[in-house]
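Quick look at my_file_16.pdb (PDB, C-alpha atoms and all ligand atoms):
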ATOM      1  CA  MET A   7     -88.607 -48.132 -58.530  1.00  0.00           C
ATOM      2  CA  LYS A   8     -86.340 -50.607 -56.735  1.00  0.00           C
ATOM      3  CA  GLU A   9     -83.450 -52.493 -58.378  1.00  0.00           C
ATOM      4  CA  THR A  10     -83.413 -56.208 -57.589  1.00  0.00           C
ATOM      5  CA  ASN A  11     -79.635 -56.460 -57.368  1.00  0.00           C
ATOM      6  CA  CYS A  12     -79.004 -53.259 -55.454  1.00  0.00           C
ATOM      7  CA  ILE A  13     -77.804 -53.698 -51.869  1.00  0.00           C
ATOM      8  CA  PHE A  14     -78.875 -50.182 -50.855  1.00  0.00           C
ATOM      9  CA  CYS A  15     -82.420 -50.789 -52.216  1.00  0.00           C
ATOM     10  CA  LYS A  16     -82.573 -53.831 -49.949  1.00  0.00           C
ATOM     11  CA  ILE A  17     -81.189 -51.978 -46.921  1.00  0.00           C
ATOM     12  CA  ALA A  18     -83.300 -48.845 -47.494  1.00  0.00           C
ATOM     13  CA  ASN A  19     -86.477 -50.915 -47.731  1.00  0.00           C
ATOM     14  CA  GLY A  20     -85.674 -53.097 -44.717  1.00  0.00           C
ATOM     15  CA  GLU A  21     -85.040 -56.391 -46.586  1.00  0.00           C
ATOM     16  CA  ILE A  22     -81.502 -56.415 -45.170  1.00  0.00           C
ATOM     17  CA  PRO A  23     -81.203 -55.281 -41.540  1.00  0.00           C
ATOM     18  CA  SER A  24     -79.098 -52.246 -40.693  1.00  0.00           C
ATOM     19  CA  LYS A  25     -78.388 -49.956 -37.761  1.00  0.00           C
ATOM     20  CA  THR A  26     -81.058 -47.411 -38.627  1.00  0.00           C
ATOM     21  CA  LEU A  27     -80.698 -43.940 -37.104  1.00  0.00           C
ATOM     22  CA  TYR A  28     -83.759 -42.475 -38.843  1.00  0.00           C
ATOM     23  CA  GLU A  29     -86.533 -43.595 -41.166  1.00  0.00           C
ATOM     24  CA  ASP A  30     -89.483 -41.952 -42.896  1.00  0.00           C
ATOM     25  CA  ASP A  31     -91.582 -42.771 -45.991  1.00  0.00           C
ATOM     26  CA  ASN A  32     -88.802 -41.791 -48.394  1.00  0.00           C
ATOM     27  CA  PHE A  33     -85.464 -42.199 -46.600  1.00  0.00           C
ATOM     28  CA  ARG A  34     -83.484 -44.375 -44.237  1.00  0.00           C
ATOM     29  CA  ILE A  35     -80.305 -43.214 -42.495  1.00  0.00           C
ATOM     30  CA  ILE A  36     -77.946 -46.038 -41.518  1.00  0.00           C
ATOM     31  CA  LEU A  37     -74.520 -46.462 -39.969  1.00  0.00           C
ATOM     32  CA  ASP A  38     -71.804 -47.149 -42.555  1.00  0.00           C
ATOM     33  CA  LEU A  39     -70.195 -50.605 -42.229  1.00  0.00           C
ATOM     34  CA  GLY A  40     -66.774 -49.260 -43.205  1.00  0.00           C
ATOM     35  CA  PRO A  41     -66.823 -45.994 -41.278  1.00  0.00           C
ATOM     36  CA  ALA A  42     -64.301 -43.196 -41.790  1.00  0.00           C
ATOM     37  CA  THR A  43     -64.998 -42.060 -38.218  1.00  0.00           C
ATOM     38  CA  LYS A  44     -67.260 -42.917 -35.290  1.00  0.00           C
ATOM     39  CA  GLY A  45     -70.871 -42.300 -36.336  1.00  0.00           C
ATOM     40  CA  HIS A  46     -70.286 -42.228 -40.126  1.00  0.00           C
ATOM     41  CA  ALA A  47     -73.801 -42.493 -41.548  1.00  0.00           C
ATOM     42  CA  LEU A  48     -75.406 -42.851 -44.973  1.00  0.00           C
ATOM     43  CA  ILE A  49     -78.655 -41.252 -46.124  1.00  0.00           C
ATOM     44  CA  LEU A  50     -80.448 -43.571 -48.549  1.00  0.00           C
ATOM     45  CA  PRO A  51     -83.592 -42.769 -50.531  1.00  0.00           C
ATOM     46  CA  LYS A  52     -85.961 -45.769 -50.575  1.00  0.00           C
ATOM     47  CA  GLU A  53     -86.399 -45.431 -54.353  1.00  0.00           C
ATOM     48  CA  HIS A  54     -83.477 -46.371 -56.595  1.00  0.00           C
ATOM     49  CA  TYR A  55     -81.609 -43.516 -58.247  1.00  0.00           C
ATOM     50  CA  ALA A  56     -78.060 -44.331 -59.320  1.00  0.00           C
ATOM     51  CA  ASN A  57     -76.695 -40.859 -58.615  1.00  0.00           C
ATOM     52  CA  LEU A  58     -77.415 -37.151 -58.253  1.00  0.00           C
ATOM     53  CA  PHE A  59     -78.154 -36.810 -61.966  1.00  0.00           C
ATOM     54  CA  GLU A  60     -81.045 -39.276 -61.720  1.00  0.00           C
ATOM     55  CA  LEU A  61     -82.418 -37.845 -58.482  1.00  0.00           C
ATOM     56  CA  PRO A  62     -85.655 -35.810 -58.827  1.00  0.00           C
ATOM     57  CA  GLU A  63     -85.274 -32.225 -57.575  1.00  0.00           C
ATOM     58  CA  GLU A  64     -87.869 -32.728 -54.862  1.00  0.00           C
ATOM     59  CA  THR A  65     -86.039 -35.778 -53.465  1.00  0.00           C
ATOM     60  CA  ALA A  66     -82.765 -33.836 -53.565  1.00  0.00           C
ATOM     61  CA  GLY A  67     -84.354 -31.099 -51.449  1.00  0.00           C
ATOM     62  CA  GLU A  68     -85.767 -33.613 -48.961  1.00  0.00           C
ATOM     63  CA  ALA A  69     -82.379 -35.362 -48.715  1.00  0.00           C
ATOM     64  CA  MET A  70     -80.729 -32.113 -47.641  1.00  0.00           C
ATOM     65  CA  LYS A  71     -83.446 -31.532 -45.039  1.00  0.00           C
ATOM     66  CA  VAL A  72     -82.948 -34.939 -43.408  1.00  0.00           C
ATOM     67  CA  ALA A  73     -79.165 -34.439 -43.654  1.00  0.00           C
ATOM     68  CA  LYS A  74     -79.442 -31.210 -41.687  1.00  0.00           C
ATOM     69  CA  LYS A  75     -81.628 -32.747 -38.987  1.00  0.00           C
ATOM     70  CA  MET A  76     -79.341 -35.752 -38.505  1.00  0.00           C
ATOM     71  CA  ALA A  77     -76.171 -33.621 -38.643  1.00  0.00           C
ATOM     72  CA  ASP A  78     -77.557 -31.371 -35.880  1.00  0.00           C
ATOM     73  CA  LYS A  79     -78.341 -34.423 -33.758  1.00  0.00           C
ATOM     74  CA  MET A  80     -74.905 -35.973 -34.329  1.00  0.00           C
ATOM     75  CA  MET A  81     -73.117 -32.769 -33.357  1.00  0.00           C
ATOM     76  CA  LYS A  82     -75.070 -32.724 -30.084  1.00  0.00           C
ATOM     77  CA  ARG A  83     -74.901 -36.424 -29.226  1.00  0.00           C
ATOM     78  CA  LEU A  84     -71.495 -37.602 -30.474  1.00  0.00           C
ATOM     79  CA  GLY A  85     -69.344 -34.757 -29.219  1.00  0.00           C
ATOM     80  CA  CYS A  86     -67.754 -34.310 -32.643  1.00  0.00           C
ATOM     81  CA  GLU A  87     -66.274 -30.914 -33.497  1.00  0.00           C
ATOM     82  CA  GLY A  88     -67.164 -30.849 -37.190  1.00  0.00           C
ATOM     83  CA  LEU A  89     -68.965 -32.903 -39.821  1.00  0.00           C
ATOM     84  CA  ASN A  90     -68.395 -33.503 -43.526  1.00  0.00           C
ATOM     85  CA  VAL A  91     -71.308 -34.034 -45.914  1.00  0.00           C
ATOM     86  CA  VAL A  92     -69.924 -36.028 -48.851  1.00  0.00           C
ATOM     87  CA  GLN A  93     -71.719 -37.297 -51.924  1.00  0.00           C
ATOM     88  CA  ASN A  94     -69.901 -39.132 -54.729  1.00  0.00           C
ATOM     89  CA  ASN A  95     -71.187 -39.492 -58.304  1.00  0.00           C
ATOM     90  CA  GLY A  96     -69.516 -41.909 -60.687  1.00  0.00           C
ATOM     91  CA  GLU A  97     -66.555 -44.227 -60.345  1.00  0.00           C
ATOM     92  CA  MET A  98     -64.159 -41.387 -61.191  1.00  0.00           C
ATOM     93  CA  ALA A  99     -65.494 -39.470 -58.188  1.00  0.00           C
ATOM     94  CA  GLY A 100     -65.107 -42.424 -55.824  1.00  0.00           C
ATOM     95  CA  GLN A 101     -68.642 -43.824 -55.940  1.00  0.00           C
ATOM     96  CA  THR A 102     -68.627 -47.564 -55.193  1.00  0.00           C
ATOM     97  CA  VAL A 103     -72.341 -48.259 -54.573  1.00  0.00           C
ATOM     98  CA  PHE A 104     -74.488 -47.034 -57.432  1.00  0.00           C
ATOM     99  CA  HIS A 105     -77.585 -46.082 -55.464  1.00  0.00           C
ATOM    100  CA  PHE A 106     -77.588 -42.377 -54.555  1.00  0.00           C
ATOM    101  CA  HIS A 107     -76.433 -41.738 -50.991  1.00  0.00           C
ATOM    102  CA  MET A 108     -75.058 -38.927 -48.878  1.00  0.00           C
ATOM    103  CA  HIS A 109     -72.327 -39.494 -46.313  1.00  0.00           C
ATOM    104  CA  LEU A 110     -72.480 -37.763 -42.931  1.00  0.00           C
ATOM    105  CA  ILE A 111     -68.990 -37.999 -41.470  1.00  0.00           C
ATOM    106  CA  PRO A 112     -68.570 -36.648 -37.926  1.00  0.00           C
ATOM    107  CA  ARG A 113     -65.088 -35.199 -37.364  1.00  0.00           C
ATOM    108  CA  TYR A 114     -62.961 -35.388 -34.253  1.00  0.00           C
ATOM    109  CA  ARG A 115     -59.644 -33.675 -33.528  1.00  0.00           C
ATOM    110  CA  THR A 116     -57.846 -37.007 -33.332  1.00  0.00           C
ATOM    111  CA  ASP A 117     -59.691 -38.989 -36.052  1.00  0.00           C
ATOM    112  CA  GLY A 118     -56.640 -39.089 -38.359  1.00  0.00           C
ATOM    113  CA  GLN A 119     -58.774 -38.667 -41.491  1.00  0.00           C
ATOM    114  CA  SER A 120     -58.307 -36.094 -44.225  1.00  0.00           C
ATOM    115  CA  ILE A 121     -61.180 -35.470 -46.568  1.00  0.00           C
ATOM    116  CA  GLY A 122     -60.221 -32.868 -49.121  1.00  0.00           C
ATOM    117  CA  TRP A 123     -58.234 -31.951 -52.204  1.00  0.00           C
ATOM    118  CA  LYS A 124     -55.005 -30.303 -53.253  1.00  0.00           C
ATOM    119  CA  PRO A 125     -55.787 -26.752 -54.493  1.00  0.00           C
ATOM    120  CA  GLN A 126     -54.471 -26.015 -58.004  1.00  0.00           C
ATOM    121  CA  GLU A 127     -53.578 -22.622 -59.512  1.00  0.00           C
ATOM    122  CA  VAL A 128     -55.940 -21.045 -62.052  1.00  0.00           C
ATOM    123  CA  SER A 129     -55.737 -17.775 -64.020  1.00  0.00           C
ATOM    124  CA  GLN A 130     -58.559 -15.267 -64.480  1.00  0.00           C
ATOM    125  CA  GLU A 131     -58.522 -16.178 -68.196  1.00  0.00           C
ATOM    126  CA  GLU A 132     -59.043 -19.854 -67.433  1.00  0.00           C
ATOM    127  CA  LEU A 133     -61.814 -19.022 -64.964  1.00  0.00           C
ATOM    128  CA  GLY A 134     -63.516 -16.973 -67.700  1.00  0.00           C
ATOM    129  CA  LYS A 135     -63.337 -19.872 -70.168  1.00  0.00           C
ATOM    130  CA  ILE A 136     -64.748 -22.306 -67.624  1.00  0.00           C
ATOM    131  CA  TYR A 137     -67.564 -19.909 -66.828  1.00  0.00           C
ATOM    132  CA  GLU A 138     -68.414 -19.704 -70.553  1.00  0.00           C
ATOM    133  CA  GLN A 139     -68.309 -23.490 -70.909  1.00  0.00           C
ATOM    134  CA  ILE A 140     -70.738 -23.981 -68.060  1.00  0.00           C
ATOM    135  CA  CYS A 141     -73.056 -21.016 -68.419  1.00  0.00           C
ATOM    136  CA  GLN A 142     -73.175 -19.981 -72.086  1.00  0.00           C
TER     137      GLN A 142
HETATM  138  P1  LIG B   1     -69.414 -44.513 -51.954  1.00  0.00           P
HETATM  139  O1  LIG B   1     -67.953 -44.859 -52.088  1.00  0.00           O
HETATM  140  O2  LIG B   1     -70.240 -45.207 -53.010  1.00  0.00           O
HETATM  141  O3  LIG B   1     -69.689 -43.041 -51.883  1.00  0.00           O
HETATM  142  O4  LIG B   1     -69.832 -45.058 -50.532  1.00  0.00           O
HETATM  143  C1  LIG B   1     -70.273 -46.348 -50.299  1.00  0.00           C
HETATM  144  C2  LIG B   1     -70.293 -46.534 -48.791  1.00  0.00           C
HETATM  145  O5  LIG B   1     -71.139 -47.615 -48.483  1.00  0.00           O
HETATM  146  C3  LIG B   1     -68.917 -46.877 -48.183  1.00  0.00           C
HETATM  147  O6  LIG B   1     -68.626 -45.926 -47.162  1.00  0.00           O
HETATM  148  C4  LIG B   1     -69.099 -48.282 -47.630  1.00  0.00           C
HETATM  149  O7  LIG B   1     -68.407 -48.475 -46.418  1.00  0.00           O
HETATM  150  C5  LIG B   1     -70.607 -48.364 -47.430  1.00  0.00           C
HETATM  151  N1  LIG B   1     -71.190 -49.690 -47.558  1.00  0.00           N
HETATM  152  C6  LIG B   1     -71.004 -50.556 -48.588  1.00  0.00           C
HETATM  153  N2  LIG B   1     -71.750 -51.667 -48.413  1.00  0.00           N
HETATM  154  C7  LIG B   1     -72.439 -51.475 -47.253  1.00  0.00           C
HETATM  155  C8  LIG B   1     -73.400 -52.272 -46.536  1.00  0.00           C
HETATM  156  O8  LIG B   1     -73.749 -53.381 -46.930  1.00  0.00           O
HETATM  157  N3  LIG B   1     -73.925 -51.748 -45.391  1.00  0.00           N
HETATM  158  C9  LIG B   1     -73.550 -50.501 -44.932  1.00  0.00           C
HETATM  159  N4  LIG B   1     -74.125 -50.083 -43.802  1.00  0.00           N
HETATM  160  N5  LIG B   1     -72.642 -49.733 -45.577  1.00  0.00           N
HETATM  161  C10 LIG B   1     -72.103 -50.211 -46.715  1.00  0.00           C
HETATM  162 ZN    ZN B   2     -80.913 -49.183 -55.265  1.00  0.00          ZN
END
Translate the structure of the given file into structure tokens.
Ligand code: 5GP
Ligand code: ZN
Amino acid sequence: MKETNCIFCKIANGEIPSKTLYEDDNFRIILDLGPATKGHALILPKEHYANLFELPEETAGEAMKVAKKMADKMMKRLGCEGLNVVQNNGEMAGQTVFHFHMHLIPRYRTDGQSIGWKPQEVSQEELGKIYEQICQ
């Protein structure tokens, strides 16, 4: 299914032009228009899924395969020294376009970006409770 008002549906299906790095029957990989670093790319499924929770398992597996292939190529061609794979779900997690996508962000020593979090302290007791909440 495509969503008529979704910009990534239009880009993924070629209705809006983009700098396409890769395309197959199910995915398009494009350059991000507001890049964190040189070569920042987005992996878009051609079908509309708002987020990871809506994504079928098979598509999720395929997305990781194309991510790996493109990440390998970027490491070779761009001369980056690392690469972040980022995927945001929900406004609270920083998602701004509600069509599932994965970010490939090449990293360079001097790129001035910091993609991460501030580690918090947690006790063994708290870890146990969290484990129970998730798994039991
Ligand atoms: P999110 O915050 O949802 O994880 O990421 C959305 C990403 O899409 C941002 O990095 C933003 O720069 C990018 N973006 C938004 N609109 C467009 C567009 O029209 N074309 C391209 N190529 N990237 C876009
Ligand atoms: Zn869409």
List all protein, DNA and RNA residues that have an atom no more than 9 Å from any atom of ligand ZN 2 (chain B), counting all atoms listed in the file, and report them as a list in words. Met7, Lys8, Glu9, Thr10, Asn11, Cys12, Ile13, Phe14, Cys15, Lys16, Ile17, Ala18, Leu50, Pro51, Lys52, Glu53, His54, Tyr55, Ala56, Val103, Phe104, His105 and Phe106 of chain A
Store the residues picked out above, limited to C-alpha atoms, as a compact mmCIF listing (two decimals), in the frame of the given file.
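Result file follows (selection.txt):
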# COMPACT_ATOMS: atom_id res chain seq x y z
CA MET A 7 -88.61 -48.13 -58.53
CA LYS A 8 -86.34 -50.61 -56.74
CA GLU A 9 -83.45 -52.49 -58.38
CA THR A 10 -83.41 -56.21 -57.59
CA ASN A 11 -79.64 -56.46 -57.37
CA CYS A 12 -79.00 -53.26 -55.45
CA ILE A 13 -77.80 -53.70 -51.87
CA PHE A 14 -78.88 -50.18 -50.86
CA CYS A 15 -82.42 -50.79 -52.22
CA LYS A 16 -82.57 -53.83 -49.95
CA ILE A 17 -81.19 -51.98 -46.92
CA ALA A 18 -83.30 -48.84 -47.49
CA LEU A 50 -80.45 -43.57 -48.55
CA PRO A 51 -83.59 -42.77 -50.53
CA LYS A 52 -85.96 -45.77 -50.58
CA GLU A 53 -86.40 -45.43 -54.35
CA HIS A 54 -83.48 -46.37 -56.60
CA TYR A 55 -81.61 -43.52 -58.25
CA ALA A 56 -78.06 -44.33 -59.32
CA VAL A 103 -72.34 -48.26 -54.57
CA PHE A 104 -74.49 -47.03 -57.43
CA HIS A 105 -77.58 -46.08 -55.46
CA PHE A 106 -77.59 -42.38 -54.56
Distance in Å - atom C8 of ligand LIG 1 (chain B) versus CA of Asp38 in chain A: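 About the pair atom C8 of ligand LIG 1 (chain B) and CA of Asp38 in chain A: they are 6.7 Å apart.
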Can you tell me which residues surround Met80 in chain A at a distance of at most 10 Å, considering all atoms listed in the file, apart from same-chain residues fewer than 2 positions away, and format the answer as a list in words?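 Residues meeting the cut-off are Gly45, His46, Ala47, Lys74, Lys75, Met76, Ala77, Asp78, Lys82, Arg83, Leu84, Gly85, Cys86, Gly88, Leu89, Leu110, Ile111 and Pro112 of chain A.
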Environment of ligand LIG 1 (chain B) within 9 Å, counting all atoms listed in the file, reported as a ChimeraX atom specification: /A:13-14,17,22-25,36-42,46-48,92-97,99-109
Pairwise distance for CA of Ala73 in chain A and CA of Asp31 in chain A, rounded to one decimal in Å: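 Spanning CA of Ala73 in chain A to CA of Asp31 in chain A is a straight-line distance of 15.1 Å.
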Expressed in Å to a single decimal, how great is the separation between CA of Ile121 in chain A and CA of Phe59 in chain A?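 Here the two named atoms are 23.0 Å from each other.
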Nearest to Arg113 in chain A, chosen from A:Thr26, A:Thr43, A:Gln142, A:Gln126, with all atoms listed in the file counted in the distances: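 Checking each of A:Thr26, A:Thr43, A:Gln142, A:Gln126 against Arg113 in chain A, counting all atoms listed in the file, the winner is A:Thr43.
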Shell around Tyr28 in chain A at 9 Å using all atoms listed in the file, local window under 4 positions removed, as a list of chain:residue names: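 Once the adjacent positions are removed, what remains is A:Phe33, A:Arg34, A:Ile35, A:Ile36, A:Ile49, A:Val72, A:Met76.
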Six-sided padding of 6 Å per side, axis-aligned box over range 109-114 of chain A, centre and edges in Å, one decimal, as JSON:
{"center_x": -67.7, "center_y": -37.3, "center_z": -40.3, "size_x": 21.5, "size_y": 16.3, "size_z": 24.1}
Selected residue of minimal separation from Glu87 in chain A among A:Gly20, A:Glu138, A:Ala66, A:Thr116, counting all atoms listed in the file: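 Between A:Gly20, A:Glu138, A:Ala66, A:Thr116, the residue approaching Glu87 in chain A most closely is A:Thr116.
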